[in-house]
$ cat run_37.pdb   # PDB, C-alpha atoms
ATOM      1  CA  MET A   1      45.886   7.655 -31.129
ATOM      2  CA  SER A   2      43.888   4.497 -30.350
ATOM      3  CA  GLN A   3      40.272   4.005 -31.352
ATOM      4  CA  HIS A   4      39.375   4.030 -27.644
ATOM      5  CA  SER A   5      41.046   7.406 -27.216
ATOM      6  CA  HIS A   6      39.228   8.747 -30.270
ATOM      7  CA  ALA A   7      35.909   7.758 -28.745
ATOM      8  CA  LYS A   8      36.564  10.077 -25.828
ATOM      9  CA  GLN A   9      36.923  13.130 -28.037
ATOM     10  CA  GLN A  10      34.092  15.654 -27.917
ATOM     11  CA  ASN A  11      31.815  15.885 -30.931
ATOM     12  CA  TRP A  12      33.297  19.030 -32.486
ATOM     13  CA  PHE A  13      33.663  19.554 -36.222
ATOM     14  CA  ALA A  14      37.113  20.529 -37.509
ATOM     15  CA  ARG A  15      37.574  24.074 -38.738
ATOM     16  CA  HIS A  16      40.082  24.333 -41.587
ATOM     17  CA  LYS A  17      40.226  28.089 -41.960
ATOM     18  CA  LEU A  18      38.284  30.859 -40.278
ATOM     19  CA  LEU A  19      37.554  34.282 -41.700
ATOM     20  CA  THR A  20      38.799  36.882 -39.248
ATOM     21  CA  ALA A  21      37.105  40.238 -38.752
ATOM     22  CA  ALA A  22      39.662  41.701 -41.136
ATOM     23  CA  GLY A  23      38.700  39.169 -43.782
ATOM     24  CA  ALA A  24      41.997  37.273 -43.756
ATOM     25  CA  LEU A  25      42.021  33.507 -43.965
ATOM     26  CA  VAL A  26      43.891  31.853 -41.122
ATOM     27  CA  VAL A  27      44.465  28.192 -40.341
ATOM     28  CA  VAL A  28      42.429  26.849 -37.439
ATOM     29  CA  VAL A  29      43.374  23.520 -35.885
ATOM     30  CA  GLY A  30      40.431  21.117 -35.614
ATOM     31  CA  ILE A  31      39.370  19.651 -32.283
ATOM     32  CA  GLY A  32      38.948  15.902 -32.212
ATOM     33  CA  ALA A  33      39.758  13.289 -34.823
ATOM     34  CA  ALA A  34      38.048  11.093 -37.361
ATOM     35  CA  MET A  35      35.760   8.605 -35.701
ATOM     36  CA  SER A  36      35.058   5.049 -36.749
ATOM     37  CA  GLY A  37      31.787   4.223 -38.492
ATOM     38  CA  GLY A  38      29.647   1.471 -37.043
ATOM     39  CA  GLY A  39      27.827   0.245 -40.124
ATOM     40  CA  ASP A  40      26.051   1.340 -43.251
ATOM     41  CA  GLY A  41      24.178   4.520 -42.324
ATOM     42  CA  ASP A  42      21.405   3.477 -39.905
ATOM     43  CA  ASP A  43      23.710   1.188 -37.941
ATOM     44  CA  ALA A  44      26.275   3.914 -37.263
ATOM     45  CA  LYS A  45      26.500   4.644 -33.539
ATOM     46  CA  THR A  46      29.873   6.355 -33.202
ATOM     47  CA  SER A  47      30.128  10.141 -33.053
ATOM     48  CA  ALA A  48      32.075  12.107 -35.656
ATOM     49  CA  ALA A  49      34.631  14.820 -35.027
ATOM     50  CA  GLY A  50      36.891  16.526 -37.528
ATOM     51  CA  SER A  51      36.649  17.546 -41.157
ATOM     52  CA  THR A  52      39.369  17.124 -43.767
ATOM     53  CA  GLU A  53      41.730  16.798 -40.847
ATOM     54  CA  LYS A  54      44.654  14.531 -41.696
ATOM     55  CA  LYS A  55      44.194  12.035 -38.901
ATOM     56  CA  GLU A  56      44.428   8.267 -39.171
ATOM     57  CA  LYS A  57      41.017   6.661 -38.959
ATOM     58  CA  LYS A  58      40.703   3.296 -37.300
ATOM     59  CA  GLY A  59      38.633   0.774 -39.202
ATOM     60  CA  THR A  60      35.826  -1.353 -37.846
ATOM     61  CA  GLY A  61      36.446  -4.441 -39.950
ATOM     62  CA  GLN A  62      33.113  -3.929 -41.688
ATOM     63  CA  GLU A  63      34.615  -3.469 -45.123
ATOM     64  CA  ASP A  64      31.881  -5.367 -46.937
ATOM     65  CA  GLY A  65      29.141  -2.773 -46.452
ATOM     66  CA  GLY A  66      27.376  -5.025 -43.980
ATOM     67  CA  GLY A  67      24.683  -2.553 -42.889
ATOM     68  CA  LYS A  68      20.968  -2.593 -43.592
ATOM     69  CA  GLU A  69      21.105  -0.476 -46.714
ATOM     70  CA  LYS A  70      21.844  -2.046 -50.086
ATOM     71  CA  ALA A  71      23.498   0.103 -52.717
ATOM     72  CA  ALA A  72      21.496   0.768 -55.859
ATOM     73  CA  LYS A  73      22.796  -0.609 -59.138
ATOM     74  CA  GLY A  74      25.888   1.320 -60.181
ATOM     75  CA  ALA A  75      26.333   2.841 -56.700
ATOM     76  CA  LEU A  76      29.032   2.170 -54.121
ATOM     77  CA  LYS A  77      28.213   0.584 -50.791
ATOM     78  CA  GLY A  78      28.804   2.819 -47.800
ATOM     79  CA  ASN A  79      31.467   0.559 -46.292
ATOM     80  CA  GLY A  80      34.554  -0.364 -48.264
ATOM     81  CA  THR A  81      37.923   0.561 -49.712
ATOM     82  CA  TYR A  82      37.882   1.090 -53.482
ATOM     83  CA  GLN A  83      40.710   1.367 -55.997
ATOM     84  CA  VAL A  84      40.233   4.352 -58.293
ATOM     85  CA  GLY A  85      40.090   3.335 -61.930
ATOM     86  CA  ALA A  86      39.338  -0.298 -61.104
ATOM     87  CA  ASP A  87      36.558  -0.359 -58.476
ATOM     88  CA  ILE A  88      35.428   3.250 -58.805
ATOM     89  CA  GLU A  89      35.580   5.702 -61.706
ATOM     90  CA  PRO A  90      36.756   9.262 -61.102
ATOM     91  CA  GLY A  91      33.908  11.746 -60.718
ATOM     92  CA  THR A  92      31.615  13.375 -58.165
ATOM     93  CA  TYR A  93      29.616  11.169 -55.802
ATOM     94  CA  ARG A  94      26.774  11.877 -53.374
ATOM     95  CA  SER A  95      25.605  10.097 -50.222
ATOM     96  CA  LEU A  96      22.310  11.077 -48.573
ATOM     97  CA  GLY A  97      20.709  10.664 -45.148
ATOM     98  CA  ASN A  98      23.812   9.878 -43.106
ATOM     99  CA  LYS A  99      23.781   9.786 -39.330
ATOM    100  CA  LEU A 100      26.738  10.159 -36.957
ATOM    101  CA  GLY A 101      29.500   7.771 -37.962
ATOM    102  CA  CYS A 102      29.864   8.292 -41.726
ATOM    103  CA  TYR A 103      33.483   8.786 -42.759
ATOM    104  CA  TRP A 104      35.119   8.970 -46.201
ATOM    105  CA  GLU A 105      38.691   9.410 -47.367
ATOM    106  CA  ARG A 106      40.567  10.151 -50.599
ATOM    107  CA  ALA A 107      44.108   8.758 -50.541
ATOM    108  CA  LYS A 108      47.178   8.846 -52.747
ATOM    109  CA  ASP A 109      48.145   5.244 -51.944
ATOM    110  CA  SER A 110      46.991   2.208 -49.978
ATOM    111  CA  SER A 111      49.635   2.394 -47.249
ATOM    112  CA  GLY A 112      47.144   3.478 -44.601
ATOM    113  CA  ASP A 113      49.581   6.137 -43.403
ATOM    114  CA  PRO A 114      48.098   9.486 -42.304
ATOM    115  CA  ASP A 115      50.335  11.226 -44.840
ATOM    116  CA  ALA A 116      48.603   9.310 -47.638
ATOM    117  CA  ILE A 117      45.290  11.081 -46.969
ATOM    118  CA  LEU A 118      44.496  13.727 -49.563
ATOM    119  CA  ALA A 119      41.161  14.734 -47.997
ATOM    120  CA  ASN A 120      38.615  13.241 -45.609
ATOM    121  CA  ASP A 121      35.434  14.125 -43.808
ATOM    122  CA  ASN A 122      32.979  12.996 -41.148
ATOM    123  CA  VAL A 123      29.437  13.432 -42.391
ATOM    124  CA  ILE A 124      25.944  14.008 -41.066
ATOM    125  CA  GLY A 125      23.191  14.316 -43.657
ATOM    126  CA  ALA A 126      24.126  14.733 -47.311
ATOM    127  CA  SER A 127      27.676  14.783 -48.621
ATOM    128  CA  TYR A 128      29.412  15.224 -51.961
ATOM    129  CA  VAL A 129      32.980  14.260 -52.837
ATOM    130  CA  THR A 130      34.903  14.473 -56.093
ATOM    131  CA  VAL A 131      37.328  11.609 -56.708
ATOM    132  CA  LYS A 132      40.142  12.699 -59.020
ATOM    133  CA  THR A 133      41.769  10.619 -61.754
ATOM    134  CA  GLU A 134      45.105  10.740 -59.936
ATOM    135  CA  ASP A 135      43.614   9.507 -56.640
ATOM    136  CA  LYS A 136      44.447   5.893 -55.847
ATOM    137  CA  ILE A 137      42.038   4.976 -53.050
ATOM    138  CA  PHE A 138      38.546   5.976 -51.923
ATOM    139  CA  LYS A 139      37.545   4.685 -48.485
ATOM    140  CA  THR A 140      34.093   4.937 -46.920
ATOM    141  CA  GLN A 141      32.765   3.641 -43.597
ATOM    142  CA  GLY A 142      29.414   3.923 -41.859
ATOM    143  CA  CYS A 143      27.849   5.829 -44.775
ATOM    144  CA  LYS A 144      24.809   5.405 -46.950
ATOM    145  CA  SER A 145      25.578   4.279 -50.492
ATOM    146  CA  TRP A 146      27.337   6.652 -52.884
ATOM    147  CA  GLU A 147      25.969   7.372 -56.343
ATOM    148  CA  ARG A 148      27.701   9.249 -59.107
ATOM    149  CA  VAL A 149      26.134  12.592 -60.059
ATOM    150  CA  ALA A 150      26.443  14.732 -63.164
ATOM    151  CA  GLU A 151      29.133  17.375 -63.033
ATOM    152  CA  GLY A 152      29.025  20.887 -64.449
ATOM    153  CA  GLN A 153      26.119  23.334 -64.365
ATOM    154  CA  ALA A 154      23.699  22.633 -61.519
ATOM    155  CA  SER A 155      20.040  22.216 -62.356
ATOM    156  CA  GLY A 156      16.922  21.235 -60.448
ATOM    157  CA  SER A 157      14.314  22.721 -58.140
ATOM    158  CA  PRO A 158      16.471  24.256 -55.404
ATOM    159  CA  LYS A 159      14.995  24.773 -51.945
ATOM    160  CA  THR A 160      15.123  27.884 -49.786
ATOM    161  CA  GLU A 161      15.423  26.024 -46.482
ATOM    162  CA  MET A 162      17.923  23.384 -45.386
ATOM    163  CA  PRO A 163      18.838  21.370 -42.283
ATOM    164  CA  GLY A 164      21.823  22.524 -40.244
ATOM    165  CA  ASN A 165      23.837  19.400 -41.049
ATOM    166  CA  GLY A 166      24.779  18.539 -44.607
ATOM    167  CA  MET A 167      26.418  19.561 -47.859
ATOM    168  CA  TYR A 168      24.252  21.076 -50.578
ATOM    169  CA  LYS A 169      24.827  21.746 -54.273
ATOM    170  CA  VAL A 170      24.056  25.371 -55.087
ATOM    171  CA  GLY A 171      21.474  25.710 -57.849
ATOM    172  CA  ALA A 172      20.346  22.102 -57.499
ATOM    173  CA  ASP A 173      19.725  21.410 -53.789
ATOM    174  CA  ILE A 174      19.533  25.018 -52.578
ATOM    175  CA  ALA A 175      18.997  28.388 -54.215
ATOM    176  CA  PRO A 176      21.680  31.081 -53.957
ATOM    177  CA  GLY A 177      20.842  33.999 -51.682
ATOM    178  CA  THR A 178      21.149  35.134 -48.059
ATOM    179  CA  TYR A 179      20.341  32.579 -45.344
ATOM    180  CA  LYS A 180      19.925  32.827 -41.580
ATOM    181  CA  SER A 181      20.405  30.197 -38.871
ATOM    182  CA  ALA A 182      19.247  31.342 -35.418
ATOM    183  CA  GLY A 183      20.058  30.406 -31.834
ATOM    184  CA  ASN A 184      23.223  28.379 -32.334
ATOM    185  CA  LYS A 185      25.059  27.207 -29.245
ATOM    186  CA  LYS A 186      28.643  28.189 -28.497
ATOM    187  CA  ASP A 187      31.192  26.732 -30.924
ATOM    188  CA  GLY A 188      28.648  24.246 -32.254
ATOM    189  CA  CYS A 189      27.797  25.725 -35.666
ATOM    190  CA  TYR A 190      30.162  25.721 -38.653
ATOM    191  CA  TRP A 191      29.398  26.766 -42.242
ATOM    192  CA  GLU A 192      31.457  26.758 -45.410
ATOM    193  CA  ARG A 193      31.101  28.074 -48.948
ATOM    194  CA  ALA A 194      33.062  25.886 -51.365
ATOM    195  CA  LYS A 195      34.073  26.072 -55.008
ATOM    196  CA  ASP A 196      34.274  22.277 -55.458
ATOM    197  CA  ALA A 197      33.773  18.946 -53.694
ATOM    198  CA  LEU A 198      37.451  18.026 -53.406
ATOM    199  CA  HIS A 199      37.556  19.079 -49.731
ATOM    200  CA  GLU A 200      41.133  20.288 -50.129
ATOM    201  CA  SER A 201      40.790  23.065 -47.572
ATOM    202  CA  ALA A 202      43.227  25.668 -48.837
ATOM    203  CA  ASP A 203      41.994  25.402 -52.410
ATOM    204  CA  SER A 204      38.340  24.396 -52.007
ATOM    205  CA  ILE A 205      37.029  26.783 -49.335
ATOM    206  CA  LEU A 206      35.843  30.213 -50.454
ATOM    207  CA  ALA A 207      34.795  31.309 -46.951
ATOM    208  CA  ASN A 208      33.807  29.739 -43.640
ATOM    209  CA  GLU A 209      32.952  30.584 -40.050
ATOM    210  CA  ASN A 210      32.326  29.188 -36.583
ATOM    211  CA  VAL A 211      29.154  30.698 -35.148
ATOM    212  CA  THR A 212      27.514  31.286 -31.784
ATOM    213  CA  GLY A 213      23.973  32.672 -31.828
ATOM    214  CA  ASN A 214      22.620  33.926 -35.140
ATOM    215  CA  ALA A 215      24.459  33.088 -38.364
ATOM    216  CA  ILE A 216      23.919  34.909 -41.658
ATOM    217  CA  VAL A 217      25.640  33.987 -44.910
ATOM    218  CA  THR A 218      25.163  34.981 -48.535
ATOM    219  CA  ILE A 219      25.605  32.081 -50.946
ATOM    220  CA  ALA A 220      26.630  33.387 -54.364
ATOM    221  CA  PRO A 221      25.313  31.937 -57.649
ATOM    222  CA  GLY A 222      28.899  31.052 -58.541
ATOM    223  CA  ASP A 223      29.420  28.961 -55.401
ATOM    224  CA  ALA A 224      29.438  25.220 -56.036
ATOM    225  CA  TYR A 225      28.496  23.894 -52.587
ATOM    226  CA  PHE A 226      27.402  25.023 -49.130
ATOM    227  CA  LYS A 227      28.377  22.898 -46.133
ATOM    228  CA  THR A 228      26.949  23.230 -42.629
ATOM    229  CA  ASN A 229      27.603  21.269 -39.422
ATOM    230  CA  GLY A 230      25.997  21.566 -36.001
ATOM    231  CA  CYS A 231      23.805  24.535 -36.912
ATOM    232  CA  SER A 232      20.102  25.156 -36.534
ATOM    233  CA  ASP A 233      18.073  25.031 -39.755
ATOM    234  CA  TRP A 234      18.820  27.650 -42.402
ATOM    235  CA  LYS A 235      16.096  29.774 -44.023
ATOM    236  CA  LYS A 236      16.486  32.091 -46.979
ATOM    237  CA  THR A 237      15.863  35.732 -46.055
ATOM    238  CA  GLY A 238      16.900  37.492 -49.230
TER     239      GLY A 238
END
$ encode --input "run_37.pdb" --output "structure tokens"
Amino acid sequence: MSQHSHAKQQNWFARHKLLTAAGALVVVVGIGAAMSGGGDGDDAKTSAAGSTEKKEKKGTGQEDGGGKEKAAKGALKGNGTYQVGADIEPGTYRSLGNKLGCYWERAKDSSGDPDAILANDNVIGASYVTVKTEDKIFKTQGCKSWERVAEGQASGSPKTEMPGNGMYKVGADIAPGTYKSAGNKKDGCYWERAKDALHESADSILANENVTGNAIVTIAPGDAYFKTNGCSDWKKTG
């Protein structure tokens, strides 16, 4: 699919698996495809559609991180292709404050083939991703800079409210508990409880749902991350 064709896709987030009323996990095909980033964070103008969907992403040629933001010392710029073990060390990385157009990709080689993609995501707001030792390539376009974060037990001053777009570390960014998001439009709100930041859908997702109207989810203390796209703000109710 050409980049021009991608631009005509509607701004829907991909749904990897959806919990049915019976509680079974079933595969749900995502609508749309990965969109090209237009710069480093603030310069990104292109919409995003899809999440960990194995679609080829067309580049913009801005591989030097040529946006307004400059990466802090030790951080990765938000535009570039990095070789794991040489340009980037394995570990968990975080990017904050992204607008439409941020895309990242973990790949098993540098062929550029869709089959080489191990995991990918289009991001609004905060995002986390764990780069594994056996990964070969980490690609990022249109994102804010990535900084490495400590792994293991989460600590911090977790909040009890969060925006409806982003990925949050449980116990550090947000407190566990029951949250409500009200008044969501049809097919626009997606949430996901995850056990890691690998974004490997079958193995990483504990539960997820597409929501119209009110959404209620209980985030367990043992959950690692909570991801939300296209939802109204979440507030802790219990």
$ closest_residue --input "run_37.pdb" --among "A:Ala207, A:Ala215, A:Ile174, A:Met162" --to "Asp187 (chain A)" --atoms "all atoms listed in the file"
A:Ala215
$ resolve_selection --input "run_37.pdb" --expression "the PyMOL selection byres ((chain A and resi 230) around 8)" --output "PDB file with C-alpha atoms, keeping the file's coordinate frame"
ATOM      1  CA  PHE A  13      33.663  19.554 -36.222  1.00  0.00           C
ATOM      2  CA  GLY A 164      21.823  22.524 -40.244  1.00  0.00           C
ATOM      3  CA  ASN A 165      23.837  19.400 -41.049  1.00  0.00           C
ATOM      4  CA  GLY A 188      28.648  24.246 -32.254  1.00  0.00           C
ATOM      5  CA  CYS A 189      27.797  25.725 -35.666  1.00  0.00           C
ATOM      6  CA  TYR A 190      30.162  25.721 -38.653  1.00  0.00           C
ATOM      7  CA  THR A 228      26.949  23.230 -42.629  1.00  0.00           C
ATOM      8  CA  ASN A 229      27.603  21.269 -39.422  1.00  0.00           C
ATOM      9  CA  CYS A 231      23.805  24.535 -36.912  1.00  0.00           C
ATOM     10  CA  SER A 232      20.102  25.156 -36.534  1.00  0.00           C
TER      11      SER A 232
END
$ atom_distance --input "run_37.pdb" --atom1 "CA of Ser201 (chain A)" --atom2 "CA of Lys180 (chain A)"
23.8 Å
$ residues_around --input "run_37.pdb" --residues "Glu134 (chain A)" --least-positions-apart "2" --cutoff "9 Å" --atoms "all atoms listed in the file" --output "ChimeraX atom specification"
/A:84,90,108,131-132,136
$ write_last_selection --input "run_37.pdb" --atoms "C-alpha atoms" --output "mmCIF file, keeping the file's coordinate frame"
data_model
loop_
_atom_site.group_PDB
_atom_site.id
_atom_site.type_symbol
_atom_site.label_atom_id
_atom_site.label_comp_id
_atom_site.auth_asym_id
_atom_site.auth_seq_id
_atom_site.Cartn_x
_atom_site.Cartn_y
_atom_site.Cartn_z
ATOM 1 C CA VAL A 84 40.233 4.352 -58.293
ATOM 2 C CA PRO A 90 36.756 9.262 -61.102
ATOM 3 C CA LYS A 108 47.178 8.846 -52.747
ATOM 4 C CA VAL A 131 37.328 11.609 -56.708
ATOM 5 C CA LYS A 132 40.142 12.699 -59.020
ATOM 6 C CA LYS A 136 44.447 5.893 -55.847
#
$ resolve_selection --input "run_37.pdb" --expression "the PyMOL selection byres ((chain A and resi 86) around 12)" --output "list of chain:residue names"
A:Thr81, A:Tyr82, A:Gln83, A:Val84, A:Gly85, A:Asp87, A:Ile88, A:Glu89, A:Pro90, A:Thr133, A:Asp135, A:Lys136, A:Ile137, A:Phe138
$ residues_near_point --input "run_37.pdb" --point "(29.9, 32.9, -42.8)" --cutoff "10 Å" --atoms "all atoms listed in the file" --output "VMD selection string"
chain A and resid 18 to 19 179 190 to 193 207 to 211 215 to 219
$ residues_near_point --input "run_37.pdb" --point "(26.0, 13.2, -44.6)" --cutoff "7 Å" --atoms "all atoms listed in the file" --output "ChimeraX atom specification"
/A:95-99,102,123-127,166
$ atom_distance --input "run_37.pdb" --atom1 "CA of Ile117 (chain A)" --atom2 "CA of Lys77 (chain A)"
20.4 Å
$ atom_distance --input "run_37.pdb" --atom1 "CA of Asp121 (chain A)" --atom2 "CA of Trp146 (chain A)"
14.3 Å
$ resolve_selection --input "run_37.pdb" --expression "the PyMOL selection byres ((chain A and resi 160) around 12)" --output "ChimeraX atom specification"
/A:157-159,161-163,168,170-180,219,233-238
$ write_last_selection --input "run_37.pdb" --atoms "C-alpha atoms" --output "PDB file, in the frame of the given file"
ATOM      1  CA  SER A 157      14.314  22.721 -58.140  1.00  0.00           C
ATOM      2  CA  PRO A 158      16.471  24.256 -55.404  1.00  0.00           C
ATOM      3  CA  LYS A 159      14.995  24.773 -51.945  1.00  0.00           C
ATOM      4  CA  GLU A 161      15.423  26.024 -46.482  1.00  0.00           C
ATOM      5  CA  MET A 162      17.923  23.384 -45.386  1.00  0.00           C
ATOM      6  CA  PRO A 163      18.838  21.370 -42.283  1.00  0.00           C
ATOM      7  CA  TYR A 168      24.252  21.076 -50.578  1.00  0.00           C
ATOM      8  CA  VAL A 170      24.056  25.371 -55.087  1.00  0.00           C
ATOM      9  CA  GLY A 171      21.474  25.710 -57.849  1.00  0.00           C
ATOM     10  CA  ALA A 172      20.346  22.102 -57.499  1.00  0.00           C
ATOM     11  CA  ASP A 173      19.725  21.410 -53.789  1.00  0.00           C
ATOM     12  CA  ILE A 174      19.533  25.018 -52.578  1.00  0.00           C
ATOM     13  CA  ALA A 175      18.997  28.388 -54.215  1.00  0.00           C
ATOM     14  CA  PRO A 176      21.680  31.081 -53.957  1.00  0.00           C
ATOM     15  CA  GLY A 177      20.842  33.999 -51.682  1.00  0.00           C
ATOM     16  CA  THR A 178      21.149  35.134 -48.059  1.00  0.00           C
ATOM     17  CA  TYR A 179      20.341  32.579 -45.344  1.00  0.00           C
ATOM     18  CA  LYS A 180      19.925  32.827 -41.580  1.00  0.00           C
ATOM     19  CA  ILE A 219      25.605  32.081 -50.946  1.00  0.00           C
ATOM     20  CA  ASP A 233      18.073  25.031 -39.755  1.00  0.00           C
ATOM     21  CA  TRP A 234      18.820  27.650 -42.402  1.00  0.00           C
ATOM     22  CA  LYS A 235      16.096  29.774 -44.023  1.00  0.00           C
ATOM     23  CA  LYS A 236      16.486  32.091 -46.979  1.00  0.00           C
ATOM     24  CA  THR A 237      15.863  35.732 -46.055  1.00  0.00           C
ATOM     25  CA  GLY A 238      16.900  37.492 -49.230  1.00  0.00           C
TER      26      GLY A 238
END
$ residues_around --input "run_37.pdb" --residues "Lys169 (chain A)" --least-positions-apart "6" --cutoff "9 Å" --atoms "all atoms listed in the file" --output "ChimeraX atom specification"
/A:128,154,158,175,223-227
$ closest_residue --input "run_37.pdb" --among "A:Glu105, A:Lys144, A:Ala119, A:Gly80" --to "Leu198 (chain A)" --atoms "all atoms listed in the file"
A:Ala119
$ residues_around --input "run_37.pdb" --residues "Ala197 (chain A)" --least-positions-apart "2" --cutoff "7 Å" --atoms "all atoms listed in the file" --output "list in words"
Tyr128, Val129, Thr130 and His199 of chain A
$ closest_residue --input "run_37.pdb" --among "A:Ala107, A:Gly183, A:Pro221, A:Ala75" --to "Lys139 (chain A)" --atoms "all atoms listed in the file"
A:Ala107
$ residues_around --input "run_37.pdb" --residues "Tyr103 (chain A)" --least-positions-apart "3" --cutoff "6 Å" --atoms "all atoms listed in the file" --output "ChimeraX atom specification"
/A:121-122,140-141
$ closest_residue --input "run_37.pdb" --among "A:Lys195, A:Gly222, A:Asp115, A:Gly91" --to "Arg148 (chain A)" --atoms "all atoms listed in the file"
A:Gly91
